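Chemist: Contents are TSV, C-alpha atoms; file name data.tsv:
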```
chain	number	residue	atom	x	y	z
A	627	MET	CA	6.74	14.16	-3.54
A	628	LEU	CA	3.93	13.11	-1.23
A	629	LYS	CA	5.00	11.82	2.19
A	630	SER	CA	3.20	9.70	4.74
A	631	MET	CA	2.97	10.86	8.35
A	632	THR	CA	3.78	7.35	9.60
A	633	GLY	CA	7.24	5.85	9.39
A	634	TYR	CA	10.25	4.36	11.14
A	635	GLY	CA	13.98	4.92	10.82
A	636	ARG	CA	17.19	4.10	12.66
A	637	GLY	CA	20.73	5.37	12.62
A	638	GLN	CA	23.83	4.15	14.45
A	639	ILE	CA	27.28	5.65	14.94
A	640	ASN	CA	30.14	3.87	16.67
A	641	GLY	CA	32.24	6.57	18.26
A	642	GLN	CA	35.28	6.41	20.50
A	643	GLY	CA	34.32	3.92	23.17
A	644	ARG	CA	30.59	4.40	22.62
A	645	SER	CA	27.79	3.29	20.29
A	646	PHE	CA	24.99	5.79	19.56
A	647	LEU	CA	21.69	4.33	18.33
A	648	VAL	CA	18.80	6.64	17.41
A	649	GLU	CA	15.37	5.34	16.41
A	650	VAL	CA	12.55	7.52	15.06
A	651	ARG	CA	8.92	6.51	14.63
A	652	SER	CA	5.77	8.53	14.05
A	653	VAL	CA	2.00	8.22	13.82
A	654	ASN	CA	-0.71	10.57	12.57
A	655	ASN	CA	-1.26	13.82	14.41
A	656	ARG	CA	-2.72	17.18	13.44
A	657	TYR	CA	0.43	19.08	14.46
A	658	LEU	CA	4.06	18.21	15.18
A	659	ASP	CA	4.46	16.62	18.61
A	660	CYS	CA	8.02	15.47	19.29
A	661	ASN	CA	9.04	13.39	22.33
A	662	ILE	CA	12.65	12.37	22.97
A	663	ARG	CA	13.62	9.54	25.28
A	664	MET	CA	17.31	9.54	26.15
A	665	PRO	CA	19.61	9.26	29.20
A	666	ARG	CA	19.39	12.46	31.22
A	667	VAL	CA	23.16	12.80	31.36
A	668	TYR	CA	23.13	13.53	27.63
A	669	ALA	CA	20.26	16.04	27.76
A	670	CYS	CA	22.59	18.71	26.36
A	671	ALA	CA	22.06	17.17	22.90
A	672	GLU	CA	18.25	17.25	23.08
A	673	ASP	CA	17.68	20.73	21.62
A	674	GLY	CA	19.80	19.87	18.61
A	675	ILE	CA	17.83	16.68	17.93
A	676	ILE	CA	14.52	18.56	18.18
A	677	LYS	CA	15.81	21.07	15.62
A	678	GLN	CA	16.77	18.20	13.30
A	679	VAL	CA	13.28	16.71	13.65
A	680	LYS	CA	11.61	20.06	12.86
A	681	ASN	CA	13.78	20.46	9.76
A	682	THR	CA	12.60	17.06	8.48
A	683	ILE	CA	9.02	16.66	9.72
A	684	SER	CA	6.18	19.18	9.64
A	685	ARG	CA	3.47	17.23	11.50
A	686	GLY	CA	2.84	13.92	13.24
A	687	LYS	CA	3.40	12.45	16.68
A	688	VAL	CA	7.12	11.67	16.65
A	689	ASP	CA	8.98	9.56	19.19
A	690	VAL	CA	12.79	9.58	19.22
A	691	PHE	CA	14.59	6.87	21.20
A	692	VAL	CA	18.29	7.31	21.99
A	693	THR	CA	20.37	4.39	23.24
A	694	ILE	CA	24.03	4.86	24.21
A	695	GLU	CA	26.24	1.86	25.01
A	696	ASN	CA	29.87	1.74	26.14
A	697	THR	CA	31.98	-0.34	23.78
A	698	ALA	CA	35.22	0.05	25.75
A	699	GLU	CA	36.28	0.42	29.37
A	700	GLU	CA	35.61	3.88	30.72
A	701	PRO	CA	38.87	5.82	31.28
A	702	VAL	CA	39.57	6.78	34.88
A	703	THR	CA	42.24	8.73	36.78
A	704	VAL	CA	43.72	7.50	40.07
A	705	THR	CA	45.33	10.09	42.37
A	706	LEU	CA	46.80	9.90	45.87
A	707	ASN	CA	44.68	11.38	48.61
A	708	GLU	CA	47.68	12.84	50.42
A	709	GLY	CA	45.81	14.09	53.46
A	710	VAL	CA	44.24	10.67	54.14
A	711	ALA	CA	47.54	8.82	53.54
A	712	ALA	CA	49.42	11.21	55.87
A	713	GLY	CA	46.79	10.67	58.55
A	714	TYR	CA	47.15	6.89	58.32
A	715	LYS	CA	50.99	7.19	58.42
A	716	LYS	CA	50.89	9.41	61.50
A	717	ALA	CA	48.47	7.08	63.26
A	718	LEU	CA	50.70	4.07	62.52
A	719	ASP	CA	53.80	5.90	63.78
A	720	THR	CA	51.98	6.80	67.01
A	721	MET	CA	50.83	3.19	67.44
A	722	ALA	CA	54.39	1.85	66.93
A	723	GLU	CA	55.84	4.30	69.43
A	724	LYS	CA	53.17	3.79	72.09
A	725	PHE	CA	53.21	0.02	71.97
A	726	ASN	CA	56.88	-0.31	71.21
A	727	LEU	CA	56.27	-2.03	67.90
A	728	LYS	CA	58.53	-2.48	64.96
A	729	GLU	CA	57.93	0.09	62.30
A	730	ASP	CA	57.24	-1.82	59.09
A	731	ILE	CA	55.10	0.76	57.31
A	732	SER	CA	55.25	0.26	53.54
A	733	VAL	CA	53.48	1.53	50.42
A	734	SER	CA	51.61	-1.75	50.05
A	735	LEU	CA	50.35	-1.44	53.63
A	736	LEU	CA	49.16	2.14	53.29
A	737	SER	CA	47.51	1.44	49.92
A	738	ARG	CA	45.16	-1.04	51.57
A	739	PHE	CA	43.47	1.56	53.72
A	740	PRO	CA	40.16	3.10	52.48
A	741	ASP	CA	40.17	6.35	50.57
A	742	VAL	CA	43.95	6.53	50.21
A	743	PHE	CA	43.42	6.80	46.46
A	744	LYS	CA	40.81	8.82	44.60
A	745	VAL	CA	39.39	7.11	41.50
A	746	GLU	CA	37.58	9.47	39.14
A	747	LYS	CA	36.09	9.09	35.67
A	748	VAL	CA	37.74	11.13	32.96
A	749	PRO	CA	35.34	13.98	32.03
A	750	GLU	CA	33.50	13.29	28.80
A	751	ASP	CA	34.09	15.38	25.71
A	752	LEU	CA	30.48	16.59	25.51
A	753	GLU	CA	31.05	18.50	22.29
A	754	SER	CA	32.35	15.42	20.49
A	755	MET	CA	29.67	13.21	22.02
A	756	THR	CA	26.92	15.64	20.96
A	757	ALA	CA	28.26	15.78	17.41
A	758	GLU	CA	28.26	11.97	17.13
A	759	LEU	CA	24.77	11.75	18.59
A	760	HIS	CA	23.45	14.33	16.11
A	761	GLN	CA	25.12	12.40	13.32
A	762	ALA	CA	23.26	9.24	14.37
A	763	ALA	CA	20.03	11.25	14.53
A	764	ALA	CA	20.62	12.53	10.98
A	765	LEU	CA	21.02	8.96	9.72
A	766	ALA	CA	17.84	7.86	11.52
A	767	LEU	CA	15.84	10.78	10.10
A	768	ALA	CA	17.13	10.09	6.58
A	769	ASP	CA	16.07	6.45	6.90
A	770	PHE	CA	12.74	7.56	8.37
A	771	ASP	CA	12.15	10.06	5.56
A	772	ALA	CA	12.93	7.45	2.90
A	773	MET	CA	10.27	5.14	4.35
A	774	ARG	CA	7.74	8.00	4.46
A	775	SER	CA	8.47	8.79	0.81
A	776	ARG	CA	7.90	5.18	-0.23
A	777	GLU	CA	4.59	5.15	1.63
A	778	GLY	CA	3.76	8.54	0.11
A	779	GLU	CA	4.20	7.15	-3.42
A	780	LYS	CA	1.64	4.44	-2.68
A	781	LEU	CA	-0.74	7.02	-1.21
A	782	ALA	CA	-0.34	9.25	-4.27
A	783	GLU	CA	-1.08	6.35	-6.64
A	784	ASP	CA	-4.23	5.45	-4.72
A	785	LEU	CA	-5.45	9.05	-4.48
A	786	LEU	CA	-4.86	9.74	-8.18
A	787	SER	CA	-6.76	6.58	-9.09
A	788	ARG	CA	-9.70	7.65	-6.94
A	789	LEU	CA	-9.65	11.14	-8.46
A	790	ASP	CA	-9.93	9.55	-11.91
A	791	THR	CA	-12.96	7.59	-10.70
A	792	LEU	CA	-14.52	10.71	-9.18
A	793	GLU	CA	-13.95	12.64	-12.40
A	794	GLU	CA	-15.68	9.89	-14.37
A	795	PHE	CA	-18.69	10.11	-12.04
A	796	ASP	CA	-18.71	13.88	-12.57
A	797	ARG	CA	-18.80	13.33	-16.35
A	798	ILE	CA	-21.73	10.91	-16.00
A	799	VAL	CA	-23.65	13.49	-13.95
A	800	GLU	CA	-23.04	16.16	-16.62
A	801	GLU	CA	-24.26	13.85	-19.37
A	802	ARG	CA	-27.30	12.79	-17.39
A	803	SER	CA	-28.40	16.32	-16.47
A	804	PRO	CA	-29.90	17.38	-19.87
A	805	GLN	CA	-31.47	13.95	-20.29
A	806	ARG	CA	-33.46	14.54	-17.10
A	807	VAL	CA	-34.87	17.78	-18.51
A	808	ALA	CA	-35.91	16.04	-21.75
A	809	ALA	CA	-37.51	13.22	-19.77
A	810	TYR	CA	-39.37	15.73	-17.59
A	811	ARG	CA	-40.66	17.55	-20.66
A	812	GLU	CA	-41.95	14.30	-22.17
A	813	LYS	CA	-43.71	13.35	-18.93
A	814	LEU	CA	-45.19	16.84	-18.59
A	815	THR	CA	-46.49	16.76	-22.17
A	816	ALA	CA	-48.03	13.31	-21.67
A	817	ARG	CA	-49.78	14.38	-18.48
A	818	ILE	CA	-51.21	17.56	-20.03
A	819	GLN	CA	-52.42	15.64	-23.05
A	820	GLU	CA	-54.11	13.17	-20.72
A	821	VAL	CA	-55.89	15.98	-18.89
A	822	LEU	CA	-56.83	18.01	-21.97
A	823	GLU	CA	-57.69	14.96	-24.08
A	824	ASP	CA	-58.56	16.33	-27.56
A	825	ARG	CA	-57.92	19.98	-26.81
A	826	GLN	CA	-54.81	21.68	-28.21
A	827	LEU	CA	-51.65	21.84	-26.08
A	828	ASP	CA	-50.09	25.14	-25.07
A	829	GLU	CA	-46.52	24.49	-26.22
A	830	SER	CA	-45.21	27.73	-24.72
A	831	ARG	CA	-46.47	26.72	-21.28
A	832	ILE	CA	-44.70	23.38	-21.56
A	833	LEU	CA	-41.48	25.13	-22.59
A	834	THR	CA	-41.78	27.52	-19.65
A	835	GLU	CA	-42.33	24.69	-17.15
A	836	ALA	CA	-39.43	22.74	-18.63
A	837	ALA	CA	-37.18	25.81	-18.37
A	838	ILE	CA	-38.11	26.34	-14.72
A	839	PHE	CA	-37.38	22.68	-14.00
A	840	ALA	CA	-34.08	22.82	-15.88
A	841	ASP	CA	-32.98	25.82	-13.84
A	842	LYS	CA	-34.01	24.13	-10.61
A	843	VAL	CA	-32.09	20.90	-11.23
A	844	ALA	CA	-29.09	22.33	-13.13
A	845	VAL	CA	-25.79	21.06	-11.75
A	846	ASP	CA	-23.43	22.67	-14.29
A	847	GLU	CA	-21.84	25.02	-11.75
A	848	GLU	CA	-21.30	22.21	-9.25
A	849	THR	CA	-19.76	19.81	-11.75
A	850	VAL	CA	-17.44	22.51	-13.09
A	851	ARG	CA	-16.29	23.44	-9.58
A	852	LEU	CA	-15.83	19.78	-8.70
A	853	ARG	CA	-13.59	19.28	-11.76
A	854	SER	CA	-11.64	22.37	-10.74
A	855	HIS	CA	-11.14	20.95	-7.22
A	856	ILE	CA	-9.99	17.63	-8.69
A	857	ALA	CA	-7.43	19.42	-10.89
A	858	GLN	CA	-6.21	21.43	-7.90
A	859	PHE	CA	-5.95	18.21	-5.87
A	860	ARG	CA	-3.72	16.66	-8.58
A	861	ASP	CA	-1.51	19.78	-8.65
A	862	MET	CA	-1.07	19.60	-4.87
A	863	ILE	CA	-0.04	15.95	-5.04
A	864	ALA	CA	2.50	16.79	-7.76
A	865	GLY	CA	3.84	19.63	-5.59
A	866	GLY	CA	4.57	17.29	-2.68
A	867	SER	CA	4.32	17.48	1.12
A	868	PRO	CA	3.45	19.08	3.47
A	869	ILE	CA	-0.09	19.40	2.06
A	870	GLY	CA	-2.22	17.17	4.32
A	871	ARG	CA	-4.23	19.98	5.90
A	872	LYS	CA	-4.78	21.68	2.52
A	873	LEU	CA	-6.05	18.42	1.03
A	874	ASP	CA	-8.38	17.98	3.98
A	875	PHE	CA	-9.91	21.40	3.32
A	876	LEU	CA	-10.18	20.68	-0.40
A	877	VAL	CA	-12.03	17.41	0.23
A	878	GLN	CA	-14.54	19.34	2.36
A	879	GLU	CA	-15.20	21.61	-0.63
A	880	MET	CA	-15.58	18.59	-2.93
A	881	ASN	CA	-18.05	17.09	-0.48
A	882	ARG	CA	-20.04	20.32	-0.48
A	883	GLU	CA	-20.37	20.28	-4.28
A	884	THR	CA	-21.34	16.60	-4.26
A	885	ASN	CA	-24.00	17.17	-1.61
A	886	THR	CA	-25.48	20.00	-3.71
A	887	ILE	CA	-25.57	17.73	-6.76
A	888	GLY	CA	-27.28	15.10	-4.62
A	889	SER	CA	-29.92	17.58	-3.47
A	890	LYS	CA	-30.75	18.32	-7.11
A	891	ALA	CA	-30.80	14.69	-8.21
A	892	ASN	CA	-34.35	13.67	-8.91
A	893	ASP	CA	-33.90	10.32	-10.62
A	894	LEU	CA	-32.56	6.94	-9.53
A	895	GLU	CA	-29.60	6.86	-11.90
A	896	MET	CA	-28.16	10.20	-10.79
A	897	SER	CA	-28.85	9.48	-7.11
A	898	SER	CA	-26.93	6.22	-7.46
A	899	VAL	CA	-23.97	8.03	-9.02
A	900	VAL	CA	-23.96	10.61	-6.21
A	901	VAL	CA	-23.86	7.81	-3.62
A	902	ASP	CA	-20.82	6.37	-5.41
A	903	MET	CA	-19.19	9.83	-5.47
A	904	LYS	CA	-19.68	10.25	-1.73
A	905	ALA	CA	-18.23	6.79	-1.07
A	906	GLU	CA	-15.16	7.64	-3.16
A	907	LEU	CA	-14.72	10.96	-1.38
A	908	GLU	CA	-14.89	9.24	1.99
A	909	LYS	CA	-12.09	6.88	0.93
A	910	ILE	CA	-10.05	9.87	-0.21
A	911	ARG	CA	-10.70	11.64	3.10
A	912	GLU	CA	-9.50	8.57	5.03
A	913	GLN	CA	-6.32	8.33	2.96
A	914	ILE	CA	-5.31	11.96	3.33
A	915	GLN	CA	-5.35	11.56	7.12
A	916	ASN	CA	-2.02	9.75	6.53
A	917	VAL	CA	-0.52	12.54	4.40
A	918	GLU	CA	1.95	14.92	5.98
```
Go through the file and emit its structure as structure tokens.
Modeler:
Amino acid sequence: MLKSMTGYGRGQINGQGRSFLVEVRSVNNRYLDCNIRMPRVYACAEDGIIKQVKNTISRGKVDVFVTIENTAEEPVTVTLNEGVAAGYKKALDTMAEKFNLKEDISVSLLSRFPDVFKVEKVPEDLESMTAELHQAAALALADFDAMRSREGEKLAEDLLSRLDTLEEFDRIVEERSPQRVAAYREKLTARIQEVLEDRQLDESRILTEAAIFADKVAVDEETVRLRSHIAQFRDMIAGGSPIGRKLDFLVQEMNRETNTIGSKANDLEMSSVVVDMKAELEKIREQIQNVE
């Protein structure tokens, strides 16, 4: 199946206390160029996402956007900073003794002092988080690939239609080629008769001249090769992506054959057909720039 290089996809996983959203979009590019935008704290998952992208996409400029949101309060641990609390208690005892104050030290009093308690976030389970993030990336890439396939079907339909048109032009050129030789022979005969007037024509000379002309303007080899390229083009489309670079090379070969036919065209009708062939090939060339 043919696939487009351009597309968009998104995937979301709601994990334990977090929501992972991955978005993938791409535009045309000669090679694969992958850029990932995600919070640096989760950079440990980046290599895995790049591997997923490479397993799905062969070329294109790909941007991956990762958004992570907390859906629940972050778990924390609160522990007593014993050294700080003991320091405050000793200082209060000293103050009570020195100034002859009533000792009314209580837990509630000590807890109000700074740094008596240490509040720390519970370490994240990076392995679980990475797995959920990769799962969201897989969903996004599947959605992305489905869109590329839909676009690829439209591209294939358009390309096949243009190949049919090009093949029809090739048939017209083949049919017109012998007619040009016959027309040249008639013109040559008429001119010689005009020059010689009543004298007898040298039929063998006319046949020789016509044969030389026929050999000079023959396009049989070019039309046969062009049909072969068209058939190969259809086979590639049926085979599916990635074939963009191969199609680009094949179109160059088709252009070469068409240019040769054009250089041998010596009448208005054939020249007009060659112009139409070149226009169709240019449209094909533009379309395959979107093919992976």
Chemist: Dig up all the protein and nucleic acid residues within 6 Å of (46.7, 4.6, 52.4) in the file frame, using only C-alpha atoms, and format them as a ChimeraX atom specification.
Modeler: /A:711,736-739,742
Chemist: Might you pull out every residue within 9 Å of Met773 in chain A, with all atoms listed in the file counted and same-chain residues fewer than 4 positions away left off, and present them as a PDB file with C-alpha atoms, in the frame of the given file?
Modeler:
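Dumped to out.pdb:
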```pdb
ATOM      1  CA  LYS A 629       5.000  11.820   2.190  1.00  0.00           C
ATOM      2  CA  SER A 630       3.200   9.700   4.740  1.00  0.00           C
ATOM      3  CA  THR A 632       3.780   7.350   9.600  1.00  0.00           C
ATOM      4  CA  GLY A 633       7.240   5.850   9.390  1.00  0.00           C
ATOM      5  CA  TYR A 634      10.250   4.360  11.140  1.00  0.00           C
ATOM      6  CA  GLY A 635      13.980   4.920  10.820  1.00  0.00           C
ATOM      7  CA  ALA A 768      17.130  10.090   6.580  1.00  0.00           C
ATOM      8  CA  ASP A 769      16.070   6.450   6.900  1.00  0.00           C
ATOM      9  CA  GLU A 777       4.590   5.150   1.630  1.00  0.00           C
ATOM     10  CA  GLY A 778       3.760   8.540   0.110  1.00  0.00           C
TER      11      GLY A 778
END
```
Chemist: Could you state the separation of CA of Val688 in chain A and CA of Ser775 in chain A in Å, given to one decimal place?
Modeler: 16.2 Å
Chemist: Pick out the closest residue to Asp751 in chain A from this set: A:Leu873, A:Lys904, A:Gln642, A:Ser867. Count all atoms listed in the file.
Modeler: A:Gln642
Chemist: Pick out the closest residue to Asn681 in chain A from this set: A:Met862, A:Glu779, A:Asp771, A:Phe875. Count only C-alpha atoms.
Modeler: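 Checking each candidate against Asn681 in chain A, we get A:Asp771 as the closest.
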Chemist: Got a sec: who's within 10 Å of range 852-859 of chain A, counting all atoms listed in the file, leaving out chain neighbours fewer than 4 positions off, as an mmCIF file with C-alpha atoms, in the coordinates of the input?
Modeler:
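As a result, part.cif now contains:
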```
data_model
loop_
_atom_site.group_PDB
_atom_site.id
_atom_site.type_symbol
_atom_site.label_atom_id
_atom_site.label_comp_id
_atom_site.auth_asym_id
_atom_site.auth_seq_id
_atom_site.Cartn_x
_atom_site.Cartn_y
_atom_site.Cartn_z
ATOM 1 C CA LEU A 785 -5.450 9.050 -4.480
ATOM 2 C CA LEU A 786 -4.860 9.740 -8.180
ATOM 3 C CA LEU A 789 -9.650 11.140 -8.460
ATOM 4 C CA ASP A 790 -9.930 9.550 -11.910
ATOM 5 C CA LEU A 792 -14.520 10.710 -9.180
ATOM 6 C CA GLU A 793 -13.950 12.640 -12.400
ATOM 7 C CA GLU A 794 -15.680 9.890 -14.370
ATOM 8 C CA ASP A 796 -18.710 13.880 -12.570
ATOM 9 C CA ARG A 797 -18.800 13.330 -16.350
ATOM 10 C CA ASP A 846 -23.430 22.670 -14.290
ATOM 11 C CA GLU A 847 -21.840 25.020 -11.750
ATOM 12 C CA GLU A 848 -21.300 22.210 -9.250
ATOM 13 C CA ILE A 863 -0.040 15.950 -5.040
ATOM 14 C CA ALA A 864 2.500 16.790 -7.760
ATOM 15 C CA GLY A 865 3.840 19.630 -5.590
ATOM 16 C CA ILE A 869 -0.090 19.400 2.060
ATOM 17 C CA LYS A 872 -4.780 21.680 2.520
ATOM 18 C CA LEU A 873 -6.050 18.420 1.030
ATOM 19 C CA LEU A 876 -10.180 20.680 -0.400
ATOM 20 C CA VAL A 877 -12.030 17.410 0.230
ATOM 21 C CA GLU A 879 -15.200 21.610 -0.630
ATOM 22 C CA MET A 880 -15.580 18.590 -2.930
ATOM 23 C CA ASN A 881 -18.050 17.090 -0.480
ATOM 24 C CA ARG A 882 -20.040 20.320 -0.480
ATOM 25 C CA GLU A 883 -20.370 20.280 -4.280
ATOM 26 C CA THR A 884 -21.340 16.600 -4.260
#
```
Chemist: Give the answer as one residue: which of A:Leu727, A:Val690, A:Ala671, A:Ile639 has the shortest atom-to-atom distance to Asp659 in chain A, using all atoms listed in the file?
Modeler: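 Answer, going by the shortest atom-to-atom distance: A:Val690.
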Chemist: Neighbouring residues of Asp784 in chain A were defined as those with any atom within 10 Å, considering only C-alpha atoms; residues of the same chain fewer than 6 positions away were excluded. Please report them as a ChimeraX atom specification.
Modeler: /A:778,909-910,913
Chemist: By how many Å are CA of Gly637 in chain A and CA of Gln915 in chain A apart?
Modeler: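 These atoms are spaced 27.4 Å apart.
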Chemist: Considering all atoms listed in the file, state which residue in the set A:Met755, A:Ile676, A:Ile914, A:Leu706 is at the smallest distance from Arg656 in chain A.
Modeler: A:Ile914
Chemist: I'd like the interatomic distance between CA of Asn655 in chain A and CA of Arg685 in chain A, to a tenth of an Å.
Modeler: 6.5 Å
Chemist: Excluding Thr705 in chain A and residues on its chain fewer than 4 positions from it, collect all residues at most 12 Å away from it, counting only C-alpha atoms, and give them as number ranges by chain.
Modeler: A: 709-711, 737, 741-747
Chemist: Which is closest to Ile731 in chain A among A:Ala717, A:Val845, A:Ala905, A:Leu628, if we use all atoms listed in the file?
Modeler: A:Ala717
Chemist: Find the residue from A:Gln638, A:Thr697, A:Thr886, A:Ser787 that sits nearest to Arg860 in chain A; use all atoms listed in the file when measuring.
Modeler: A:Ser787
Chemist: As lines of an AutoDock Vina configuration file, what would the box around range 729-738 of chain A look like: edges along x, y and z, 8 Å added on every side, centre and edge lengths in Å to one decimal?
Modeler:
```
center_x = 51.5
center_y = 0.2
center_z = 56.1
size_x = 28.8
size_y = 20.0
size_z = 28.4
```
